[in-house]
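*Asks:* Enclosed is the structure file final_31.cif (mmCIF, N, CA and C atoms).
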data_data
loop_
_atom_site.label_atom_id
_atom_site.label_comp_id
_atom_site.auth_asym_id
_atom_site.auth_seq_id
_atom_site.Cartn_x
_atom_site.Cartn_y
_atom_site.Cartn_z
N MET A 425 102.62 156.52 70.96
CA MET A 425 102.78 155.69 72.12
C MET A 425 101.61 155.87 73.08
N THR A 426 101.08 154.76 73.52
CA THR A 426 99.98 154.78 74.46
C THR A 426 100.51 154.69 75.88
N LYS A 427 100.08 155.61 76.70
CA LYS A 427 100.48 155.59 78.11
C LYS A 427 99.44 154.83 78.92
N LYS A 428 99.92 154.09 79.90
CA LYS A 428 99.06 153.35 80.82
C LYS A 428 99.49 153.64 82.24
N VAL A 429 98.63 153.32 83.17
CA VAL A 429 98.95 153.47 84.59
C VAL A 429 99.38 152.11 85.13
N TYR A 430 100.52 152.07 85.77
CA TYR A 430 101.05 150.85 86.38
C TYR A 430 101.26 151.11 87.87
N TRP A 431 101.01 150.09 88.67
CA TRP A 431 101.23 150.17 90.11
C TRP A 431 102.34 149.20 90.46
N ILE A 432 103.42 149.72 91.00
CA ILE A 432 104.58 148.92 91.39
C ILE A 432 104.54 148.78 92.91
N ARG A 433 104.58 147.55 93.37
CA ARG A 433 104.47 147.28 94.81
C ARG A 433 105.78 146.73 95.37
N PHE A 434 106.01 147.03 96.65
CA PHE A 434 107.24 146.62 97.31
C PHE A 434 106.93 145.84 98.58
N ARG A 435 107.94 145.10 99.03
CA ARG A 435 107.80 144.33 100.27
C ARG A 435 107.74 145.30 101.45
N GLU A 436 107.51 144.75 102.61
CA GLU A 436 107.31 145.55 103.83
C GLU A 436 108.49 146.50 104.12
N ASN A 437 109.71 146.00 104.10
CA ASN A 437 110.88 146.81 104.47
C ASN A 437 111.74 147.12 103.26
N TYR A 438 111.18 147.78 102.28
CA TYR A 438 111.93 148.09 101.07
C TYR A 438 112.84 149.30 101.26
N ASP A 439 113.76 149.49 100.34
CA ASP A 439 114.72 150.60 100.39
C ASP A 439 114.04 151.88 99.92
N VAL A 440 113.41 152.58 100.83
CA VAL A 440 112.64 153.79 100.50
C VAL A 440 113.53 154.83 99.84
N ASP A 441 114.70 155.06 100.39
CA ASP A 441 115.59 156.09 99.84
C ASP A 441 116.07 155.73 98.44
N GLY A 442 116.41 154.46 98.23
CA GLY A 442 116.85 154.02 96.91
C GLY A 442 115.76 154.17 95.87
N VAL A 443 114.55 153.77 96.24
CA VAL A 443 113.41 153.89 95.32
C VAL A 443 113.13 155.36 95.05
N ASP A 444 113.24 156.19 96.07
CA ASP A 444 113.02 157.63 95.91
C ASP A 444 114.01 158.23 94.91
N GLU A 445 115.26 157.82 94.96
CA GLU A 445 116.26 158.31 94.01
C GLU A 445 115.93 157.92 92.58
N VAL A 446 115.45 156.68 92.40
CA VAL A 446 115.06 156.23 91.06
C VAL A 446 113.87 157.05 90.58
N CYS A 447 112.89 157.26 91.44
CA CYS A 447 111.69 158.02 91.06
C CYS A 447 112.04 159.45 90.66
N ASP A 448 113.05 160.02 91.30
CA ASP A 448 113.49 161.38 90.94
C ASP A 448 113.99 161.45 89.50
N LYS A 449 114.48 160.34 88.98
CA LYS A 449 115.02 160.30 87.61
C LYS A 449 113.95 160.01 86.57
N PHE A 450 112.79 159.55 87.00
CA PHE A 450 111.69 159.21 86.09
C PHE A 450 110.49 160.08 86.45
N HIS A 451 110.25 161.14 85.68
CA HIS A 451 109.17 162.07 86.01
C HIS A 451 107.78 161.44 85.89
N GLU A 452 107.68 160.26 85.30
CA GLU A 452 106.40 159.58 85.15
C GLU A 452 105.96 158.86 86.43
N SER A 453 106.78 158.88 87.46
CA SER A 453 106.51 158.09 88.67
C SER A 453 106.21 158.97 89.87
N ASP A 454 105.35 158.44 90.74
CA ASP A 454 105.01 159.08 92.01
C ASP A 454 105.05 158.01 93.10
N GLN A 455 105.90 158.20 94.08
CA GLN A 455 105.99 157.24 95.18
C GLN A 455 104.93 157.56 96.23
N ILE A 456 104.20 156.53 96.66
CA ILE A 456 103.19 156.68 97.70
C ILE A 456 103.72 155.90 98.90
N TYR A 457 104.34 156.61 99.82
CA TYR A 457 105.11 156.00 100.90
C TYR A 457 104.28 155.11 101.81
N ASP A 458 103.13 155.59 102.27
CA ASP A 458 102.32 154.83 103.23
C ASP A 458 101.84 153.49 102.68
N ASP A 459 101.60 153.43 101.38
CA ASP A 459 101.08 152.20 100.76
C ASP A 459 102.18 151.32 100.17
N LYS A 460 103.43 151.77 100.23
CA LYS A 460 104.57 151.01 99.69
C LYS A 460 104.41 150.72 98.20
N VAL A 461 103.97 151.73 97.46
CA VAL A 461 103.76 151.59 96.01
C VAL A 461 104.29 152.81 95.28
N VAL A 462 104.49 152.60 93.98
CA VAL A 462 104.81 153.70 93.08
C VAL A 462 103.80 153.64 91.95
N ARG A 463 103.23 154.78 91.61
CA ARG A 463 102.36 154.86 90.44
C ARG A 463 103.22 155.35 89.28
N PHE A 464 103.15 154.63 88.18
CA PHE A 464 103.93 154.98 87.00
C PHE A 464 102.97 155.15 85.84
N ILE A 465 103.04 156.28 85.16
CA ILE A 465 102.18 156.54 84.00
C ILE A 465 103.09 156.73 82.80
N GLY A 466 103.09 155.73 81.91
CA GLY A 466 103.96 155.81 80.75
C GLY A 466 103.78 154.64 79.81
N SER A 467 104.64 154.57 78.83
CA SER A 467 104.59 153.50 77.84
C SER A 467 105.19 152.22 78.42
N PRO A 468 104.85 151.08 77.85
CA PRO A 468 105.44 149.82 78.32
C PRO A 468 106.97 149.81 78.19
N GLU A 469 107.50 150.45 77.16
CA GLU A 469 108.95 150.51 76.97
C GLU A 469 109.62 151.30 78.09
N ARG A 470 109.02 152.43 78.42
CA ARG A 470 109.58 153.26 79.49
C ARG A 470 109.43 152.56 80.85
N LEU A 471 108.34 151.81 81.02
CA LEU A 471 108.14 151.04 82.24
C LEU A 471 109.27 150.04 82.43
N GLN A 472 109.68 149.37 81.36
CA GLN A 472 110.75 148.38 81.47
C GLN A 472 112.06 149.05 81.92
N GLU A 473 112.34 150.24 81.41
CA GLU A 473 113.53 150.98 81.85
C GLU A 473 113.42 151.29 83.35
N PHE A 474 112.24 151.71 83.76
CA PHE A 474 112.00 152.06 85.17
C PHE A 474 112.16 150.84 86.07
N ILE A 475 111.60 149.71 85.67
CA ILE A 475 111.70 148.48 86.46
C ILE A 475 113.16 148.04 86.59
N ARG A 476 113.92 148.12 85.50
CA ARG A 476 115.35 147.77 85.58
C ARG A 476 116.07 148.65 86.59
N ALA A 477 115.78 149.94 86.57
CA ALA A 477 116.42 150.86 87.52
C ALA A 477 116.00 150.55 88.95
N LEU A 478 114.72 150.23 89.15
CA LEU A 478 114.25 149.89 90.49
C LEU A 478 114.91 148.62 91.01
N LYS A 479 115.03 147.61 90.15
CA LYS A 479 115.60 146.34 90.59
C LYS A 479 117.06 146.46 90.98
N ALA A 480 117.72 147.51 90.54
CA ALA A 480 119.11 147.74 90.95
C ALA A 480 119.19 148.10 92.44
N VAL A 481 118.12 148.71 92.97
CA VAL A 481 118.11 149.09 94.39
C VAL A 481 117.16 148.25 95.23
N GLU A 482 116.17 147.65 94.58
CA GLU A 482 115.17 146.86 95.30
C GLU A 482 114.76 145.67 94.44
N PRO A 483 115.37 144.50 94.68
CA PRO A 483 115.16 143.35 93.80
C PRO A 483 113.74 142.78 93.80
N GLU A 484 112.99 142.95 94.89
CA GLU A 484 111.64 142.40 94.96
C GLU A 484 110.60 143.44 94.51
N VAL A 485 110.34 143.46 93.21
CA VAL A 485 109.41 144.43 92.63
C VAL A 485 108.31 143.67 91.92
N THR A 486 107.06 144.02 92.20
CA THR A 486 105.93 143.46 91.46
C THR A 486 105.11 144.60 90.88
N TYR A 487 104.50 144.37 89.73
CA TYR A 487 103.71 145.42 89.11
C TYR A 487 102.59 144.84 88.29
N LYS A 488 101.59 145.69 88.06
CA LYS A 488 100.51 145.34 87.15
C LYS A 488 99.89 146.58 86.58
#
Output the structure of this file as structure tokens.
*Replies:*
Amino acid sequence: MTKKVYWIRFRENYDVDGVDEVCDKFHESDQIYDDKVVRFIGSPERLQEFIRALKAVEPEVTYK
């Protein structure tokens, strides 16, 4: 499996605590609070699991 770096971005007033809880469950992620982003380093399959978990607490998620 090839790992890639993904940047997940959130709207201005996102659920910081909810996203933080999701990040605690995925060791591949690092939340960068000031920039309203999460860096995720992992496989595309694991990214999809992460995105599904994020959308449960924060529906407006964009990534690249």
*Asks:* Apply the PyMOL selection byres ((chain A and resi 481) around 6.5) to the displayed file and report the matching residues as a list in words.
*Replies:*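 Written out, the selection comes to Asp439, Gly442, Val443, Ala477, Leu478, Lys479, Ala480, Glu482 and Pro483 of chain A.
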*Asks:* So how far away is CA of Thr486 in chain A from CA of Ile432 in chain A, in Å?
*Replies:*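 The value is 5.6 Å.
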*Asks:* Provide the atom N of Val485 in chain A to CA of Met425 in chain A distance in Å, to one decimal place.
*Replies:*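 Computed distance, atom N of Val485 in chain A to CA of Met425 in chain A, equals 25.5 Å.
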*Asks:* Can you spell out as a ChimeraX atom specification the set of residues that the PyMOL selection byres (((chain A and resi 445-454 and name CA) around 10) and name CA) selects in the structure I just provided?
*Replies:* /A:429-432,440-444,455-457,461-467,470-471,473-475,477-481
*Asks:* Could you go through chain A and tell me which residues DSSP, when run on the backbone, assigns to strand (DSSP E or B), listing them as a PDB file with N, CA and C atoms, keeping the file's coordinate frame?
*Replies:*
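Printed below is out.pdb as written:
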ATOM      1  N   LYS A 428      99.920 154.090  79.900  1.00  0.00           N
ATOM      2  CA  LYS A 428      99.060 153.350  80.820  1.00  0.00           C
ATOM      3  C   LYS A 428      99.490 153.640  82.240  1.00  0.00           C
ATOM      4  N   VAL A 429      98.630 153.320  83.170  1.00  0.00           N
ATOM      5  CA  VAL A 429      98.950 153.470  84.590  1.00  0.00           C
ATOM      6  C   VAL A 429      99.380 152.110  85.130  1.00  0.00           C
ATOM      7  N   TYR A 430     100.520 152.070  85.770  1.00  0.00           N
ATOM      8  CA  TYR A 430     101.050 150.850  86.380  1.00  0.00           C
ATOM      9  C   TYR A 430     101.260 151.110  87.870  1.00  0.00           C
ATOM     10  N   TRP A 431     101.010 150.090  88.670  1.00  0.00           N
ATOM     11  CA  TRP A 431     101.230 150.170  90.110  1.00  0.00           C
ATOM     12  C   TRP A 431     102.340 149.200  90.460  1.00  0.00           C
ATOM     13  N   ILE A 432     103.420 149.720  91.000  1.00  0.00           N
ATOM     14  CA  ILE A 432     104.580 148.920  91.390  1.00  0.00           C
ATOM     15  C   ILE A 432     104.540 148.780  92.910  1.00  0.00           C
ATOM     16  N   ARG A 433     104.580 147.550  93.370  1.00  0.00           N
ATOM     17  CA  ARG A 433     104.470 147.280  94.810  1.00  0.00           C
ATOM     18  C   ARG A 433     105.780 146.730  95.370  1.00  0.00           C
ATOM     19  N   PHE A 434     106.010 147.030  96.650  1.00  0.00           N
ATOM     20  CA  PHE A 434     107.240 146.620  97.310  1.00  0.00           C
ATOM     21  C   PHE A 434     106.930 145.840  98.580  1.00  0.00           C
ATOM     22  N   SER A 453     106.780 158.880  87.460  1.00  0.00           N
ATOM     23  CA  SER A 453     106.510 158.090  88.670  1.00  0.00           C
ATOM     24  C   SER A 453     106.210 158.970  89.870  1.00  0.00           C
ATOM     25  N   ASP A 454     105.350 158.440  90.740  1.00  0.00           N
ATOM     26  CA  ASP A 454     105.010 159.080  92.010  1.00  0.00           C
ATOM     27  C   ASP A 454     105.050 158.010  93.100  1.00  0.00           C
ATOM     28  N   GLN A 455     105.900 158.200  94.080  1.00  0.00           N
ATOM     29  CA  GLN A 455     105.990 157.240  95.180  1.00  0.00           C
ATOM     30  C   GLN A 455     104.930 157.560  96.230  1.00  0.00           C
ATOM     31  N   ILE A 456     104.200 156.530  96.660  1.00  0.00           N
ATOM     32  CA  ILE A 456     103.190 156.680  97.700  1.00  0.00           C
ATOM     33  C   ILE A 456     103.720 155.900  98.900  1.00  0.00           C
ATOM     34  N   VAL A 461     103.970 151.730  97.460  1.00  0.00           N
ATOM     35  CA  VAL A 461     103.760 151.590  96.010  1.00  0.00           C
ATOM     36  C   VAL A 461     104.290 152.810  95.280  1.00  0.00           C
ATOM     37  N   VAL A 462     104.490 152.600  93.980  1.00  0.00           N
ATOM     38  CA  VAL A 462     104.810 153.700  93.080  1.00  0.00           C
ATOM     39  C   VAL A 462     103.800 153.640  91.950  1.00  0.00           C
ATOM     40  N   ARG A 463     103.230 154.780  91.610  1.00  0.00           N
ATOM     41  CA  ARG A 463     102.360 154.860  90.440  1.00  0.00           C
ATOM     42  C   ARG A 463     103.220 155.350  89.280  1.00  0.00           C
ATOM     43  N   PHE A 464     103.150 154.630  88.180  1.00  0.00           N
ATOM     44  CA  PHE A 464     103.930 154.980  87.000  1.00  0.00           C
ATOM     45  C   PHE A 464     102.970 155.150  85.840  1.00  0.00           C
ATOM     46  N   ILE A 465     103.040 156.280  85.160  1.00  0.00           N
ATOM     47  CA  ILE A 465     102.180 156.540  84.000  1.00  0.00           C
ATOM     48  C   ILE A 465     103.090 156.730  82.800  1.00  0.00           C
ATOM     49  N   GLY A 466     103.090 155.730  81.910  1.00  0.00           N
ATOM     50  CA  GLY A 466     103.960 155.810  80.750  1.00  0.00           C
ATOM     51  C   GLY A 466     103.780 154.640  79.810  1.00  0.00           C
ATOM     52  N   VAL A 485     110.340 143.460  93.210  1.00  0.00           N
ATOM     53  CA  VAL A 485     109.410 144.430  92.630  1.00  0.00           C
ATOM     54  C   VAL A 485     108.310 143.670  91.920  1.00  0.00           C
ATOM     55  N   THR A 486     107.060 144.020  92.200  1.00  0.00           N
ATOM     56  CA  THR A 486     105.930 143.460  91.460  1.00  0.00           C
ATOM     57  C   THR A 486     105.110 144.600  90.880  1.00  0.00           C
ATOM     58  N   TYR A 487     104.500 144.370  89.730  1.00  0.00           N
ATOM     59  CA  TYR A 487     103.710 145.420  89.110  1.00  0.00           C
ATOM     60  C   TYR A 487     102.590 144.840  88.290  1.00  0.00           C
TER      61      TYR A 487
END
*Asks:* Please indicate the distance in Å from atom N of Tyr487 in chain A to atom N of Phe434 in chain A, rounded to one decimal place.
*Replies:*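 Taking atom N of Tyr487 in chain A as the start and atom N of Phe434 in chain A as the end point, the length is 7.6 Å.
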*Asks:* Using DSSP assignments from the backbone, pull out every residue in chain A that falls under alpha helix (DSSP H) and give it to me as number ranges by chain.
*Replies:* A: 440-449, 468-481
